[in-house]
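Only one structure is covered here, and it is reproduced in the block below.
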Amino acid sequence: MRVAFGRLEDGERSAGARLGVTATEIVLCLLVMGVVIVPLLQMFSAGRKSAAMTEDRILARLVVDSIFSQLEACTFSELADASPLEELVEIPSFEGAVMRGLSVSLSKECPRQGIIVVKAVVDWKDFSGHERRMEEVRFFSDEEASLEDLYPLKQE
Amino acid sequence: MRTRVRRRGIGIFFGVLLMFVLLVAFVGFARMMFSRQVTSSAARQVLKRRLRSYASSVAEEAVHYVKSRVNRPGTELFGIFRREVYAGESGAEKLHVDVELAGAVPVWSDLSLDSLEVAIVYQRQFSRMPYEKYGVVEVSVEVSKRLGLAGSVSLRLKVGYPFKVVLAGVPRPYDQTTVFVRKADSLVEGVNDWLRDAGTIFASLRRERDEVLDLLEGVTSPAVDRDYWKRTIEGVSIPGESFLWGRVHLFPEPLTVFSVEEYVLLSWLDLKGALHDAAGRLEGRRTRYEQALSELRSSADSPRAWGRYVESLRSYVAGVLDCIESVRSFQEKFSEYSGPARERLESFSYKLTLAEFARKTTWYLPEDALGGNDINAVMAEFLRRHPVVNGVVFVDNPTSQLALHGERIGRLEGKWIIVSSGKIRVDKLYAPGDDSMGVIASYGRLSVEDSNAVALIAMGETEFMSGAVVDGCVVFDEIGSFAEMRTESVKVHRRRMVYSGRTTPEDPGGAFDSYYYVSVAPYESYRVVE
């Protein structure tokens, strides 16, 4: 192999000799490219994917936060009376940012008198078309609970 | 022997390419690390927001636990919030609160609630009463999420809610009375002078009777039976000083009067009116007496003159006694406080001021709340939203009259004090049953019609429609004119429920703590995220 890339015994120059590199150098070069470039490309791809997903998650989070901050401005009775809850909020649209297939749904339940649990579900599709979902829950209590209570006056 | 080969060709480009690739790799790696850092940071922020949402929900549940129990007898919180706090004490109390719902939400199953502390962080008296106070309830929540083996993200949330504890009834000690008049001097104005005059009248009558008896001794006419007239005249009882001051006493000044009877006709307070009527009748009797005395002096031989004298003397004395009875009746019906005792009572009079009620306000209703100047529209909207009213409702109505017609607004359930800074009219107003109680505190003109089952604190002018009935108690600051107040046949029934007990540092258990109302503010006074 030593002659494979050098001057042949018959005076002919091998391909490697014509390039001016030795076989060892070519092997090393390919090795480095293989070891560094291939994973790097994969990481680039993953980084782009991760960045896109992060951006989507941040946007979804902002949607959730916006919804809950709007709901926090409502009174407990407004929350209790609203049907559906969507009529109390405006889903934000972020200029320049695109979330594919964005949909928001709100639901509420009253596990105990004076407490409403609101659940917000944000669905979207990521850059590769996979469906993603963020769920968040927030408790709202009757802010006037202590002001409504009636108890009997007793002459102890 | 190895032959050294001179390099020729384009192989150098491989080296350059490799260097370029390495450079790109370095840049790419740096970008990747940066991207990962941003991603991690964003993930942490998202996680923080999740933690905040979780912590906020735990705090909501915790404060609701407090709010829904502070006015429920039998709960631990009911008793804790009603403990008396004296000056110099912080009033800090730890509260036991159970939170069950937030921990059971599947979305938060990866988060952990590390600690939950709910406490009254401080309490202060509004003025000088240990049972009426304000303070802050603080909910402190710490939540976290573990990240891998070593790392974790945690968040601590502190939320403070103001609260007030007020006596939802007539301020003590006025709750023990049926009718209370703080400044009663105008009720007895001139009465002391009249009483002194009555003493003078009796002395004068006795002196004149002695003169008449002397005159009788000199009568020679057989038509006049001297023994008979002597016995008759001496038989007329003319009270002495001891009798007078045994029946009545001079009114001290300054004066506060009140009654604790089962019921009081407000006309009983009109001593000057009663005395004026009796004195008017007395004037005629005095004239007849003076005429008879004059006639007797000029014609002592006439039996008819002696008869007129005796008759007019009896009538005059009876008239004076009627006047004295008016005073006696007043003094029997009403307790009088003056001097140190009144000063002690006066030390509580700050409780009747508008400023004191303003401090204790639970609800504030300005007349322009709905854009106009119609306080009745504001009150209607308030009652629509709050079918049960508790606490102190401060109505700021400098220009419009608040009309509370029971037939229109229905029975006002709850324990309430409606404080009006302007005119107010109450008509058939009821706080129903034995579990509700209402108080109207008026600082403008108060008009009362028909029957009302409320207590009245009348700090301004008051006008009663004829036949009005108050089932509760009435506290007056002062009564100016009975003619304007029109108190004829106005009756005040003492309502037993108005009394809320009494408390002293030695015996705080004497107060009925179900009369204390705790209101936790519907808003936060502070929120700290650490």
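Please note that chains go A, B, ... in the order of the structure tokens, that every chain numbers its residues from 1, and that ligands are numbered from 1 in the order shown.
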Env of Val137 in chain A: 12 Å cut, atoms = only C-alpha atoms, seq-sep filter 6 positions within chain, self excluded. Answer as a compact mmCIF listing (two decimals) with C-alpha atoms, in the first residue's frame.
# COMPACT_ATOMS: atom_id res chain seq x y z
CA VAL A 64 -52.26 30.35 28.06
CA ASP A 65 -50.94 33.24 30.15
CA ILE A 67 -56.10 33.70 28.63
CA PHE A 68 -55.62 33.34 32.36
CA LEU A 71 -59.89 35.47 33.24
CA SER A 105 -60.32 25.21 24.19
CA LEU A 106 -61.42 26.20 27.68
CA SER A 107 -63.41 24.17 30.13
CA LYS A 108 -64.43 24.71 33.72
CA GLU A 109 -65.60 22.63 36.58
CA ILE A 116 -63.92 27.10 39.76
CA VAL A 117 -61.16 25.19 38.05
CA VAL A 118 -60.48 26.41 34.52
CA LYS A 119 -58.56 24.19 32.17
CA ALA A 120 -57.01 25.62 29.02
CA VAL A 121 -55.88 23.29 26.28
CA VAL A 122 -53.75 24.67 23.45
CA ARG B 49 -44.97 29.89 34.89
CA ARG B 50 -46.40 26.47 35.47
CA LEU B 51 -45.14 26.60 39.03
CA ARG B 52 -46.61 30.05 39.46
CA SER B 53 -49.93 28.85 38.12
CA TYR B 54 -49.84 25.91 40.50
CA ALA B 55 -48.81 28.07 43.46
CA SER B 56 -51.50 30.65 42.64
CA SER B 57 -54.11 27.93 42.50
CA VAL B 58 -52.99 26.51 45.84
CA LEU B 101 -58.04 20.01 45.24
CA ALA B 102 -54.91 21.57 43.76
CA GLY B 103 -52.77 18.55 44.57
CA ALA B 104 -55.16 16.25 42.76
CA VAL B 105 -54.99 17.99 39.38
CA PRO B 106 -53.30 15.60 36.88
CA VAL B 107 -51.67 18.45 34.96
CA TRP B 108 -49.62 19.26 38.03
CA SER B 109 -48.79 15.69 38.97
* Please identify all polymer residues within 12 Å of Arg100 in chain A, counting only C-alpha atoms, omitting same-chain residues fewer than 6 positions from it, and present them as a list in words. =>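 The filter keeps Ala52, Met53, Asp56, Leu59, Ala60, Val122, Asp123, Trp124, Lys125, Asp126, Phe127, Ser128, Gly129, His130, Glu131 and Arg132 of chain A.
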* To do: Within range 66-127 of chain B, find each residue whose DSSP state, derived from the backbone, is strand (DSSP E), and express the selection as a list in words.
  =>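 Those residues are Glu93, Lys94, Leu95, Ser112, Leu113, Asp114, Ser115, Leu116, Glu117, Val118, Ala119, Ile120, Val121, Tyr122, Gln123, Arg124 and Gln125 of chain B.
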Give me, as JSON lines, each residue of chain B that comes within 7 Å of chain A, together with its shortest interatomic pair and the distance in Å at one decimal, counting only C-alpha atoms, with rows ordered by chain and rising residue number.
{"residue": "B:Arg7", "atom": "CA", "partner": "A:Gly20", "partner_atom": "CA", "distance": 4.7}
{"residue": "B:Arg8", "atom": "CA", "partner": "A:Gly20", "partner_atom": "CA", "distance": 4.8}
{"residue": "B:Gly9", "atom": "CA", "partner": "A:Leu19", "partner_atom": "CA", "distance": 4.7}
{"residue": "B:Ile10", "atom": "CA", "partner": "A:Leu19", "partner_atom": "CA", "distance": 5.4}
{"residue": "B:Gly11", "atom": "CA", "partner": "A:Leu19", "partner_atom": "CA", "distance": 4.9}
{"residue": "B:Leu18", "atom": "CA", "partner": "A:Cys29", "partner_atom": "CA", "distance": 7.0}
{"residue": "B:Ala25", "atom": "CA", "partner": "A:Leu40", "partner_atom": "CA", "distance": 6.7}
{"residue": "B:Met32", "atom": "CA", "partner": "A:Gly47", "partner_atom": "CA", "distance": 6.2}
{"residue": "B:Ser35", "atom": "CA", "partner": "A:Gly47", "partner_atom": "CA", "distance": 6.7}
{"residue": "B:Thr39", "atom": "CA", "partner": "A:Thr54", "partner_atom": "CA", "distance": 6.0}
{"residue": "B:Val46", "atom": "CA", "partner": "A:Arg61", "partner_atom": "CA", "distance": 6.8}
{"residue": "B:Ser53", "atom": "CA", "partner": "A:Arg138", "partner_atom": "CA", "distance": 6.2}
{"residue": "B:Ser57", "atom": "CA", "partner": "A:Phe139", "partner_atom": "CA", "distance": 4.6}
{"residue": "B:Glu60", "atom": "CA", "partner": "A:Ser141", "partner_atom": "CA", "distance": 5.7}
{"residue": "B:Glu61", "atom": "CA", "partner": "A:Ser141", "partner_atom": "CA", "distance": 6.6}
{"residue": "B:His64", "atom": "CA", "partner": "A:Ser141", "partner_atom": "CA", "distance": 5.9}
{"residue": "B:Lys67", "atom": "CA", "partner": "A:Ser146", "partner_atom": "CA", "distance": 4.6}
{"residue": "B:Ser68", "atom": "CA", "partner": "A:Ser146", "partner_atom": "CA", "distance": 5.7}
{"residue": "B:Val70", "atom": "CA", "partner": "A:Ser146", "partner_atom": "CA", "distance": 7.0}
{"residue": "B:Asn71", "atom": "CA", "partner": "A:Asp149", "partner_atom": "CA", "distance": 6.4}
{"residue": "B:Arg72", "atom": "CA", "partner": "A:Tyr151", "partner_atom": "CA", "distance": 6.4}
{"residue": "B:Val107", "atom": "CA", "partner": "A:Glu136", "partner_atom": "CA", "distance": 6.7}
{"residue": "B:Val388", "atom": "CA", "partner": "A:Glu148", "partner_atom": "CA", "distance": 6.1}
{"residue": "B:Val389", "atom": "CA", "partner": "A:Glu148", "partner_atom": "CA", "distance": 6.9}
{"residue": "B:Asn390", "atom": "CA", "partner": "A:Leu147", "partner_atom": "CA", "distance": 6.2}
{"residue": "B:Gly414", "atom": "CA", "partner": "A:Leu150", "partner_atom": "CA", "distance": 6.0}
{"residue": "B:Asp434", "atom": "CA", "partner": "A:Leu153", "partner_atom": "CA", "distance": 6.6}
{"residue": "B:Asp435", "atom": "CA", "partner": "A:Pro152", "partner_atom": "CA", "distance": 4.1}
{"residue": "B:Ser436", "atom": "CA", "partner": "A:Leu153", "partner_atom": "CA", "distance": 6.7}
{"residue": "B:Phe512", "atom": "CA", "partner": "A:Glu156", "partner_atom": "CA", "distance": 6.0}
{"residue": "B:Ser514", "atom": "CA", "partner": "A:Leu153", "partner_atom": "CA", "distance": 5.6}
{"residue": "B:Tyr515", "atom": "CA", "partner": "A:Leu153", "partner_atom": "CA", "distance": 6.3}
{"residue": "B:Ser519", "atom": "CA", "partner": "A:Ser146", "partner_atom": "CA", "distance": 5.5}
{"residue": "B:Val520", "atom": "CA", "partner": "A:Ser146", "partner_atom": "CA", "distance": 5.9}
{"residue": "B:Pro522", "atom": "CA", "partner": "A:Glu143", "partner_atom": "CA", "distance": 4.4}
* To do: Would you mind listing what lies within 8 Å of Leu167 in chain B as a list in words, with only C-alpha atoms counted and same-chain residues fewer than 4 positions away left out?
  =>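 Listed by chain and then number, they are Tyr131, Glu132, Pro171, Tyr515, Tyr516 and Tyr517 of chain B.
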* Choose the residue, out of B:Ala150, B:Val166, B:Leu215, B:Val24, that has the smallest atom-to-atom separation from Ser299 in chain B; count only C-alpha atoms. =>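 The closest residue to Ser299 in chain B is B:Leu215.
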* Grab the CA of Ser154 in chain B to CA of Val99 in chain B distance for me, in Å with one decimal place. =>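 According to the coordinates, CA of Ser154 in chain B and CA of Val99 in chain B are separated by 19.2 Å.
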* Using only C-alpha atoms: which of B:Ser144, B:Ser481, B:Thr361, B:Asn373 has the shortest distance to Phe126 in chain B -> B:Thr361
* Asked: Can you tell me, as a PyMOL selection string, what residues are no more than 12 Å from Glu290 in chain B when counting only C-alpha atoms, ignoring any on the same chain fewer than 5 positions away?
  -> chain B and resi 204-205+208+283-285+295-297+305+308-313+315-316
Take the selection from the previous step and output its residues with N, CA and C atoms, as a PDB file, in the first residue's frame.
ATOM      1  N   SER B 204     -94.665  80.620  98.605  1.00  0.00           N
ATOM      2  CA  SER B 204     -95.527  81.793  98.505  1.00  0.00           C
ATOM      3  C   SER B 204     -96.953  81.449  98.902  1.00  0.00           C
ATOM      4  N   LEU B 205     -97.416  80.280  98.461  1.00  0.00           N
ATOM      5  CA  LEU B 205     -98.789  79.864  98.787  1.00  0.00           C
ATOM      6  C   LEU B 205     -98.950  79.645 100.286  1.00  0.00           C
ATOM      7  N   GLU B 208     -99.030  83.040 101.922  1.00  0.00           N
ATOM      8  CA  GLU B 208    -100.318  83.701 101.675  1.00  0.00           C
ATOM      9  C   GLU B 208    -101.434  83.014 102.452  1.00  0.00           C
ATOM     10  N   GLU B 283    -101.341  78.379  84.317  1.00  0.00           N
ATOM     11  CA  GLU B 283    -101.430  79.830  84.234  1.00  0.00           C
ATOM     12  C   GLU B 283    -102.850  80.300  84.536  1.00  0.00           C
ATOM     13  N   GLY B 284    -103.831  79.591  83.959  1.00  0.00           N
ATOM     14  CA  GLY B 284    -105.236  79.939  84.219  1.00  0.00           C
ATOM     15  C   GLY B 284    -105.578  79.759  85.688  1.00  0.00           C
ATOM     16  N   ARG B 285    -105.055  78.689  86.259  1.00  0.00           N
ATOM     17  CA  ARG B 285    -105.337  78.416  87.673  1.00  0.00           C
ATOM     18  C   ARG B 285    -104.689  79.491  88.554  1.00  0.00           C
ATOM     19  N   GLU B 295    -110.007  89.011  95.806  1.00  0.00           N
ATOM     20  CA  GLU B 295    -111.416  89.191  96.180  1.00  0.00           C
ATOM     21  C   GLU B 295    -111.606  88.951  97.674  1.00  0.00           C
ATOM     22  N   LEU B 296    -110.880  87.930  98.152  1.00  0.00           N
ATOM     23  CA  LEU B 296    -110.996  87.597  99.575  1.00  0.00           C
ATOM     24  C   LEU B 296    -110.490  88.748 100.441  1.00  0.00           C
ATOM     25  N   ARG B 297    -109.415  89.355 100.002  1.00  0.00           N
ATOM     26  CA  ARG B 297    -108.860  90.453 100.786  1.00  0.00           C
ATOM     27  C   ARG B 297    -109.797  91.654 100.806  1.00  0.00           C
ATOM     28  N   ALA B 305    -116.473  84.280  98.766  1.00  0.00           N
ATOM     29  CA  ALA B 305    -115.062  84.612  98.509  1.00  0.00           C
ATOM     30  C   ALA B 305    -114.145  83.571  99.136  1.00  0.00           C
ATOM     31  N   ARG B 308    -114.293  80.455  96.995  1.00  0.00           N
ATOM     32  CA  ARG B 308    -113.493  80.589  95.766  1.00  0.00           C
ATOM     33  C   ARG B 308    -111.994  80.485  96.054  1.00  0.00           C
ATOM     34  N   TYR B 309    -111.610  81.069  97.192  1.00  0.00           N
ATOM     35  CA  TYR B 309    -110.185  81.031  97.535  1.00  0.00           C
ATOM     36  C   TYR B 309    -109.730  79.575  97.726  1.00  0.00           C
ATOM     37  N   VAL B 310    -110.495  78.843  98.524  1.00  0.00           N
ATOM     38  CA  VAL B 310    -110.093  77.455  98.818  1.00  0.00           C
ATOM     39  C   VAL B 310    -110.059  76.626  97.524  1.00  0.00           C
ATOM     40  N   GLU B 311    -111.098  76.834  96.709  1.00  0.00           N
ATOM     41  CA  GLU B 311    -111.172  76.062  95.470  1.00  0.00           C
ATOM     42  C   GLU B 311    -109.990  76.379  94.544  1.00  0.00           C
ATOM     43  N   SER B 312    -109.693  77.702  94.412  1.00  0.00           N
ATOM     44  CA  SER B 312    -108.608  78.095  93.504  1.00  0.00           C
ATOM     45  C   SER B 312    -107.245  77.679  94.059  1.00  0.00           C
ATOM     46  N   LEU B 313    -107.149  77.693  95.417  1.00  0.00           N
ATOM     47  CA  LEU B 313    -105.878  77.262  96.021  1.00  0.00           C
ATOM     48  C   LEU B 313    -105.627  75.784  95.724  1.00  0.00           C
ATOM     49  N   SER B 315    -106.875  74.043  93.322  1.00  0.00           N
ATOM     50  CA  SER B 315    -106.643  73.882  91.881  1.00  0.00           C
ATOM     51  C   SER B 315    -105.220  74.296  91.506  1.00  0.00           C
ATOM     52  N   TYR B 316    -104.776  75.389  92.114  1.00  0.00           N
ATOM     53  CA  TYR B 316    -103.442  75.889  91.794  1.00  0.00           C
ATOM     54  C   TYR B 316    -102.371  74.897  92.248  1.00  0.00           C
TER      55      TYR B 316
END
* Per-residue DSSP, range 9-143 of chain A, filtered to alpha helix (DSSP H), as a ChimeraX atom specification -> /A:15-19,23-32,38-72,76-81
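What separates CA of Arg196 in chain B from CA of Ile324 in chain B is a distance of 10.8 Å.
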